[in-house]
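Engineer: This is the structure, below, for whatever I ask next.
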Amino acid sequence: MASSKRTPAQTEQKSVWERMGDHWQLYLMLSVPLILTIIYKYVPMYGIQIAFRDYKSVRGMWGSEWVGLKWFQRFFSSPNCIRMIKNTILLSFYSLLWSFPIPIILSLAINQLRFKRFKRSVQTILYAPHFISIMVVCGMLRIFLSPSGGLINLIAGTGIDFLSEASAFRTIYIASGIWQDAGWGIIVYMASLANVDVSQYEAAKIDGASLFQRIRYIDLPELVPQIVLMLIMSAGNLMNVGFEKVFLLQTDLNKATSDVIAVYVYQQGIEHAKYSYSTAVGLFNTVVNVILLIIVNKITSKISEDVSFV
Amino acid sequence: MGKKKKTGQLHGLSDRTSDIILVVICLIIVFLVAYPLYYVLVASVSNPYDVYAGKTFLLPSGFTLDGYKAVFADKSIITGFLNSIKYTVVGTVFSVVMIYLSAYPLSVKNLPGRKFISIFFIITMYFGGGLMPTYLVVRDTGLIDTIWAMFLPGGVAVGNMIIVRNFFEHSIPKEMIEAAEIDGCSKWTTFIKIVVPLSKSIMAVMVVFSMVAYWNDWFTALIYLPGKENAPLPLVLRNILIKSSASASQAGMISGGYAELSKLTEMIKFSSVIVAALPMLIIYPFVQKYFEKGMMAGAVKG
């Protein structure tokens with residue numbers, strides 16, 4: 001056999017080193033993103049150890065004194081600790097509870113629209129808020145919720161300062177979250193619904209199924225794997241409340257419900273330069289998050305055997 | 001026979017009714033989504049006293065463009081606007097290049113270590129060092145108050161990278177890549193001459209996603225860019241929208257005293273919302289069909 005040309009079988013027999021040599025340009029391409037990832041993602045992960053040290057700038061991340069669980073003890077004995085944990089969990093949980101089903105329902109409804117043009121226009125408009133900065137959304141919220149002349153107060157004929165009411169904070173947070181992201185959330189579901197075979201609708205129609213029945217028995221089952229996946233992903237972020245919005249909507253008067261761990265981590269770390277303490281609180285938050293992710297993954301994998309995560 | 005016809009009609013009717021119900025529901029939802037933006041748009045060209053008196057639910061009252069004039073006369077807003085453009089352009093180029101550099105090699109099926117490297121990237125989606133360790137690394141690498149801090153610490157947008165990788169795997173014919181390599185193209189030439197031109201649609205999606213992310217980002221700047229002259233637009237707006245404070249340059253422009261100043265402050269709130277939101281709202285409809293497809297590639301089974 002000609003030595004200049006390898007058969008496919010021989011190509012497979014190439015050693016790993018040879019194959020790596022063939023691909024050296026690809027590794028060179030990968031090297032830039034890899035180095036960045038190592039420096040700015042993995043080095044900070046290793047740097048989490050300052051949660052167990054007393055970080056001093058002069059001694060650096062690896063040379064500062066080891067203090068064990070001191071910062072965790074301080075956090076758990078701080079007066080607002082329970083309130084922050086509770087607020088974080090409740091805000092995320094209610095948020096998930098209200099925001100999660102809405103894109104599903106929306107996509108089921110929009111998918112059944114029969115006028116193509118109208119359907120596309122609806123989708124376009126629903127995506128719009130996703131493209132607006134949270135800063136701008138919070139600015140709009142402040143305009144709408146203003147006690148004097150804000151839109152909500154004008155409509156309701158009242159003069160309530162909503163952002164000073166601790167009881168209103170969660171509603172504001174969740175409702176604005178739905179406004180901003182429910183439309184965007186339909187994309188993944190619409191993608192799954194695009195897989196539905198149209199002839200199934202025809203068959204169901206002939207059998208006399210109503211629109212609601214068609215949605216219930218044809219569309220919804222198609223969405224289940226995607227719903228489970230999205231649920232797992234949301235659960236993994238349960239403790240990652242949208243820091244930005246809470247930070248921007250927090251006032252001294254609504255702290256009873258708006259005081260969450262993420263904002264505290266920012267304030268302690270960036271504003272008060274308590275690097276180690278802030279890292280410890282953040283780490284606690286991450287650990288709870290991972291535990292939740294595992295629990296939800298266990299539960300959902302029982303519900304749906306064919307969807308596995310990672 | 002007659003009965004059959006009747007049920008047929010009944011279903012036709014119920015279909016039409018349900019169509020109408022659906023359309024009405026969708027119209028209500030569209031209204032709920034669009035009205036807040038419309039209201040701010042109307043308010044931005046109205047007299048703020050009329051806005052607060054509730055005269056501008058549908059149409060402007062006391063039409064004026066003073067709010068926009070004030071926005072474009074405000075030095076800090078202009079600086080922020082220019083900074084945002086700078087960060088968005090450089091960041092988008094950087095981000096798309098990073099996504100491509102990592103997505104293409106990882107889409108090559110027989111690349112040794114492919115799976116390991118993929119996982120190496122994916123882990124960073126779920127775990128991270130947290131705020132302060134990352135801040136310290138960024139500080140120690142000397143990025144504070146430089147434009148690099150806006151995008152280097154973000155590294156690769158892994159979620160987007162996976163979408164692009166899936167696109168390469170499924171939508172670029174293997175034969176073309178093989179043919180190019182048999183013709184003597186190196187891996188790099190194949191990438192530049194074949195893969196990049198064939199993936200324009202997904203590139204458009206990545207460009208838009210990155211643009212939106214950088215245009216709207218303010219938190220990165222809040223932590224890493226403490227210098228006032230480096231603040232992007234959303235961070236500048238924080239003073240106007242969230243802290244409700246008039247900037248010195250606004251105060252200097254006004255001769256009519258406090259009432260005039262507060263009137264102008266209110267107008268600037270409305271018009272700055274529009275100025276900040278409009279660029280992205282104009283751009284995204286053009287690539288809507290692409291990002292819908294792109295997300296489809298990232299959906300289950302992708």
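Chain labels run A, B, ... following the order of the structure tokens; each chain numbers its residues from 1, and ligands are numbered from 1 in the order shown.
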Tell me which protein, DNA and RNA residues are within 7 Å of range 36-45 of chain A, counting only C-alpha atoms, leaving out same-chain ones fewer than 5 positions away, and put them as number ranges by chain.
Structural biologist: B: 124, 128-129, 133-134, 137, 153, 155
Engineer: So that I can see what lies close to range 151-164 of chain A, please list as a count of residues only the residues with an atom at most 12 Å from it, counting only C-alpha atoms and leaving out residues fewer than 6 positions away in the same chain.
Structural biologist: 38
Engineer: Can you work out which one of A:Trp179, A:Phe243, A:Trp71, A:Phe76 has the shortest atom-to-atom distance to chain B, counting only C-alpha atoms?
Structural biologist: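 So, comparing all the options, the nearest one is A:Trp179.
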Engineer: Range 193-199 of chain B: which residues within 12 Å, counting only C-alpha atoms, same-chain residues fewer than 2 positions away excluded, as a ChimeraX atom specification?
Structural biologist: /B:96-97,99-101,103-105,107-108,163-181,185-191,201-206,290,294
Engineer: Which is closer to chain B than all the others in A:Asn195, A:Ser148, A:Ser234, A:Ser78, using only C-alpha atoms?
Structural biologist: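 Between A:Asn195, A:Ser148, A:Ser234, A:Ser78, the residue approaching chain B most closely is A:Ser148.
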Engineer: Set the distance at 12 Å and use only C-alpha atoms: which residues neighbour Phe284 in chain A once local chain neighbours fewer than 5 positions away are removed? I'd like the list as a PyMOL selection string.
Structural biologist: (chain A and resi 48+51-52+69+71-73+75-76+81+85+239-240+261-262+265+277-279+289-291) or (chain B and resi 130)
Engineer: Interatomic distance between CA of Ile21 in chain B and CA of Leu220 in chain A?
Structural biologist: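 Straight-line distance from CA of Ile21 in chain B to CA of Leu220 in chain A works out to 19.3 Å.
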Engineer: Fewer than 6 positions away in the same chain doesn't count, so skip those; otherwise give me all residues within 12 Å of Ser107 in chain A, counting only C-alpha atoms, as a VMD selection string.
Structural biologist: (chain A and resid 101 113 119 122 to 123 126 182 to 194 215 219 to 220 223 227) or (chain B and resid 22 26)
Engineer: Report as a PyMOL selection string all protein, DNA and RNA residues lying within 9 Å of Leu211 in chain A, evaluated on only C-alpha atoms, omitting residues in the same chain fewer than 4 positions from it.
Structural biologist: (chain A and resi 112+205+215-216) or (chain B and resi 14-15+18-19)
Engineer: May I have the residues within 10 Å of Lys228 in chain B as an mmCIF file with C-alpha atoms, in the first residue's frame, using only C-alpha atoms and disregarding those fewer than 5 positions away in the same chain?
Structural biologist:
data_model
loop_
_atom_site.group_PDB
_atom_site.id
_atom_site.type_symbol
_atom_site.label_atom_id
_atom_site.label_comp_id
_atom_site.auth_asym_id
_atom_site.auth_seq_id
_atom_site.Cartn_x
_atom_site.Cartn_y
_atom_site.Cartn_z
ATOM 1 C CA SER B 76 -21.721 63.532 31.750
ATOM 2 C CA THR B 79 -19.331 61.136 27.964
ATOM 3 C CA GLY B 80 -21.286 58.126 29.184
ATOM 4 C CA ASP B 145 -10.017 51.866 35.551
ATOM 5 C CA LEU B 222 -19.474 50.092 39.028
ATOM 6 C CA LEU B 235 -23.991 54.200 35.317
ATOM 7 C CA VAL B 236 -24.400 57.893 34.540
#
Engineer: Looking at A:Ser176, A:Lys274, A:Val16, A:Gly282, which one is nearest to Gly139 in chain A, with distances taken over only C-alpha atoms?
Structural biologist: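 Nearest to Gly139 in chain A: A:Ser176.
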Engineer: For CA of Ile282 in chain B and CA of Gly150 in chain A, determine how far apart the two atoms are, in Å to one decimal place.
Structural biologist: 26.8 Å
Engineer: Let me make sure I understand: among A:Val136, A:Ser276, A:Leu30, A:Leu231, which one has the smallest atom-to-atom distance to Ser57 in chain A if we use only C-alpha atoms?
Structural biologist: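 Of the candidates, the smallest distance to Ser57 in chain A is held by A:Ser276.
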